[in-house]
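**Q** Mind looking over this structure? Questions follow.
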Amino acid sequence: MISKIILHIGVHKTATTTIQNTLTNEREKLAALGILYPLFYANEFIFNNHSIPLFSLFSQYPERYHINKTHGFTTKAAIQQLHQGYSDQLRAQVSSFSGDTLVLSGEDLSNFKSQNLDKLKAFLREVTHPDIKIQVVVVCRHPVTRFRSSVQFSVSNFGMRMKKAKEFHTVRKNLYQTLINNFAAVFGLENISVLKYEDMLGHPFGPAGAFLEAINPSIPAKIKPQIIF
């Protein structure tokens, strides 16, 4: 029975995709240790980034979510069916799992405001139980290197002009403060853990190893995760 949820919220450009891919690759080993890392399905697509179902479920305008638009989920009927599928899938995976820990990872959740987080928290309690312990894990990267990486990503992946990308990310200079305040208001400051991105890169088993060590120090050595980018 699930008694604890680890909610990893990134942020962007802090090796979140590497962590998600590595945890997916090691799902069977993690399950043997009582840790569930769920997968979600939508038509022929498989998602190991939990941003995709959770952001869609609890954002105000899921039809505008770029992932939904990319995969053609833009009508009210399609979104409703999609959300029912996501909800049913998580319930089924949780109810059939005999371990005690659920790990969810999604960097887009770092953009949620308190009203979105309230809905997310209520849903997670409903899927597990009302007294579930939820631990939020945030990975922080030095603001200068994160800014550079974010600008480069916006230019190369979204076709932004350099000036616009710089302006966009400059506005988000208080990202960590805003994020911590929003999540603390809903989950409690005492339930938020902060990991340093630069330290995670030096872990023998990479960023995922450092993340798993924060859950339980014995896990990385037990499963020896292979780093999957």
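Here's how to read the names in the structure tokens: chain A, B, ... by the order shown, residue numbers from 1 in each chain, ligand numbers from 1 in the order shown.
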So that I can check the secondary structure, give me every residue of stretch 81-146 of chain A assigned strand (DSSP E or B) by backbone DSSP, as JSON, numbers by chain.
**A** {"A": [101, 102, 103, 104, 105, 133, 134, 135, 136, 137, 138, 139, 140]}
**Q** Counting only C-alpha atoms, what is within 9 Å of A:Ile180, bar same-chain residues fewer than 3 positions away, as a ChimeraX atom specification?
**A** /A:138,175-177,183-185,189,192
**Q** Please save C-alpha atoms of the selected residues as a PDB file, in the first residue's frame.
**A**
ATOM      1  CA  VAL A 138      13.212  20.522  -6.098  1.00  0.00           C
ATOM      2  CA  LEU A 175      11.648  31.422 -10.187  1.00  0.00           C
ATOM      3  CA  TYR A 176      12.963  29.558  -7.154  1.00  0.00           C
ATOM      4  CA  GLN A 177      11.474  31.953  -4.611  1.00  0.00           C
ATOM      5  CA  PHE A 183       4.560  24.643  -2.990  1.00  0.00           C
ATOM      6  CA  ALA A 184       5.115  25.487   0.688  1.00  0.00           C
ATOM      7  CA  ALA A 185       1.646  27.037   0.862  1.00  0.00           C
ATOM      8  CA  LEU A 189       7.755  24.009   3.832  1.00  0.00           C
ATOM      9  CA  ILE A 192      10.146  20.337   0.581  1.00  0.00           C
TER      10      ILE A 192
END
**Q** Given only C-alpha atoms as the basis, pick out the residue of A:Met160, A:Leu54, A:Val194, A:Val11 nearest to A:Val136.
**A**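 Using only C-alpha atoms, the shortest distance to A:Val136 belongs to A:Val194.
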**Q** Find the residues around stretch 32-44 of chain A up to 8 Å (only C-alpha atoms counted), leave out those fewer than 2 positions away in its own chain, and share them as a list in words.
**A** Leu23, Thr24, Arg27, Glu28, Lys29, Leu30, Ile46, Phe47, Asn48, His50, Pro53, Leu82, Gly85, Tyr86, Gln89, Leu90, Gln93, Val94, Phe97, Ser98, Gly99, Asp100, Thr101, Leu102, Val103 and Leu104 of chain A
**Q** How about saving the chosen residues, C-alpha atoms kept, as a PDB file, in the first residue's frame?
**A**
ATOM      1  CA  LEU A  23      13.954   5.647 -13.435  1.00  0.00           C
ATOM      2  CA  THR A  24      11.943   4.220 -16.321  1.00  0.00           C
ATOM      3  CA  ARG A  27      11.357   0.333 -13.037  1.00  0.00           C
ATOM      4  CA  GLU A  28      11.533  -3.387 -12.281  1.00  0.00           C
ATOM      5  CA  LYS A  29      14.423  -3.016  -9.838  1.00  0.00           C
ATOM      6  CA  LEU A  30      12.689  -0.084  -8.147  1.00  0.00           C
ATOM      7  CA  ILE A  46       3.896   6.310 -23.841  1.00  0.00           C
ATOM      8  CA  PHE A  47       4.849   9.029 -21.353  1.00  0.00           C
ATOM      9  CA  ASN A  48       7.406   8.678 -18.562  1.00  0.00           C
ATOM     10  CA  HIS A  50       4.573  12.885 -15.490  1.00  0.00           C
ATOM     11  CA  PRO A  53      -0.651  13.788 -17.605  1.00  0.00           C
ATOM     12  CA  LEU A  82      -7.626  11.816 -22.255  1.00  0.00           C
ATOM     13  CA  GLY A  85      -7.592   7.664 -19.192  1.00  0.00           C
ATOM     14  CA  TYR A  86      -4.778   9.280 -17.218  1.00  0.00           C
ATOM     15  CA  GLN A  89      -4.236   4.480 -15.321  1.00  0.00           C
ATOM     16  CA  LEU A  90      -2.732   5.950 -12.156  1.00  0.00           C
ATOM     17  CA  GLN A  93      -1.145   1.146 -11.086  1.00  0.00           C
ATOM     18  CA  VAL A  94      -1.403   2.318  -7.486  1.00  0.00           C
ATOM     19  CA  PHE A  97       1.170  -2.156  -6.380  1.00  0.00           C
ATOM     20  CA  SER A  98       2.252  -3.728  -3.095  1.00  0.00           C
ATOM     21  CA  GLY A  99       5.098  -1.324  -2.309  1.00  0.00           C
ATOM     22  CA  ASP A 100       4.942   1.822  -0.184  1.00  0.00           C
ATOM     23  CA  THR A 101       6.412   4.634  -2.328  1.00  0.00           C
ATOM     24  CA  LEU A 102       5.064   6.390  -5.421  1.00  0.00           C
ATOM     25  CA  VAL A 103       7.481   8.575  -7.374  1.00  0.00           C
ATOM     26  CA  LEU A 104       6.122  11.236  -9.740  1.00  0.00           C
TER      27      LEU A 104
END
**Q** Would you mind writing down, as a ChimeraX atom specification, each residue of stretch 21-127 of chain A that DSSP on the backbone assigns to alpha helix (DSSP H)?
**A** /A:21-25,27-32,51-58,66-70,76-95,114-127
**Q** Could you check the closest approach to A:Val137 for each of A:Met1, A:Ala208, A:Ile9, A:Ala15 and tell me which residue wins, using only C-alpha atoms?
**A**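 Checking each of A:Met1, A:Ala208, A:Ile9, A:Ala15 against A:Val137, counting only C-alpha atoms, the winner is A:Ile9.
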**Q** Using only C-alpha atoms, pick whichever of A:Asn21, A:Ser96, A:Asn181, A:Gln135 has the shortest atom-to-atom distance to A:Lys113.
**A**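 Once distances to A:Lys113 are computed over only C-alpha atoms, the minimum belongs to A:Asn181.
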**Q** For a quick check of understanding, using only C-alpha atoms, which of A:Gln60, A:Thr145, A:Gln84, A:Ser193 has the smallest distance to A:His8?
**A**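 Residue with the minimum atom-to-atom distance to A:His8: A:Ser193.
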**Q** Could you check which of A:Gly206, A:Pro143, A:Gly106, A:Gly188 is closest to A:Asn174, using only C-alpha atoms?
**A** A:Pro143
**Q** List the neighbours of A:Lys69 out to 12 Å using only C-alpha atoms; skip same-chain residues closer than 6 positions along the sequence, and give me the result as a short mmCIF file (atom, residue, chain, number, x, y, z; two decimals) with N, CA, C and O atoms, in the first residue's frame.
**A**
data_model
loop_
_atom_site.label_atom_id
_atom_site.label_comp_id
_atom_site.auth_asym_id
_atom_site.auth_seq_id
_atom_site.Cartn_x
_atom_site.Cartn_y
_atom_site.Cartn_z
N ILE A 52 3.25 15.48 -18.32
CA ILE A 52 2.30 15.40 -19.42
C ILE A 52 0.90 15.07 -18.93
O ILE A 52 -0.05 15.81 -19.22
N SER A 56 -1.67 18.46 -17.68
CA SER A 56 -2.92 18.50 -18.44
C SER A 56 -4.12 18.39 -17.52
O SER A 56 -5.11 19.12 -17.67
N TYR A 61 -6.10 25.55 -18.68
CA TYR A 61 -6.45 25.44 -20.09
C TYR A 61 -5.66 24.28 -20.73
O TYR A 61 -4.68 24.51 -21.46
N PRO A 62 -6.06 23.04 -20.47
CA PRO A 62 -5.30 21.89 -21.00
C PRO A 62 -5.25 21.85 -22.52
O PRO A 62 -4.31 21.29 -23.09
N GLU A 63 -6.24 22.44 -23.18
CA GLU A 63 -6.24 22.45 -24.65
C GLU A 63 -5.11 23.33 -25.20
O GLU A 63 -4.74 23.20 -26.37
N THR A 75 -9.74 19.22 -28.54
CA THR A 75 -11.17 19.43 -28.37
C THR A 75 -11.59 19.06 -26.96
O THR A 75 -10.90 18.31 -26.25
N ALA A 78 -11.97 15.28 -26.63
CA ALA A 78 -10.68 14.57 -26.62
C ALA A 78 -9.97 14.76 -25.29
O ALA A 78 -9.39 13.81 -24.75
N ILE A 79 -10.01 15.97 -24.75
CA ILE A 79 -9.38 16.26 -23.46
C ILE A 79 -10.07 15.48 -22.34
O ILE A 79 -9.41 14.91 -21.46
#
**Q** In Å to one decimal, how far is atom CA of A:Ile5 from atom CA of A:Lys133?
**A**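 Distance reported for this atom pair: 6.2 Å.
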**Q** Mind pulling up the distance from atom CA of A:Gln80 to atom CA of A:Phe58?
**A**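 Between atom CA of A:Phe58 and atom CA of A:Gln80 the gap is 12.2 Å.
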**Q** Considering only C-alpha atoms, can you say which of A:Gly10, A:Ser156, A:Ser95, A:Leu179 comes closest to A:Glu126?
**A**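 Of all the options, A:Ser95 lies closest to A:Glu126.
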**Q** Using Å and a single decimal, report how far atom CA of A:Ser149 sits from atom CA of A:Gly72.
**A**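 Computed distance, atom CA of A:Gly72 to atom CA of A:Ser149, equals 28.8 Å.
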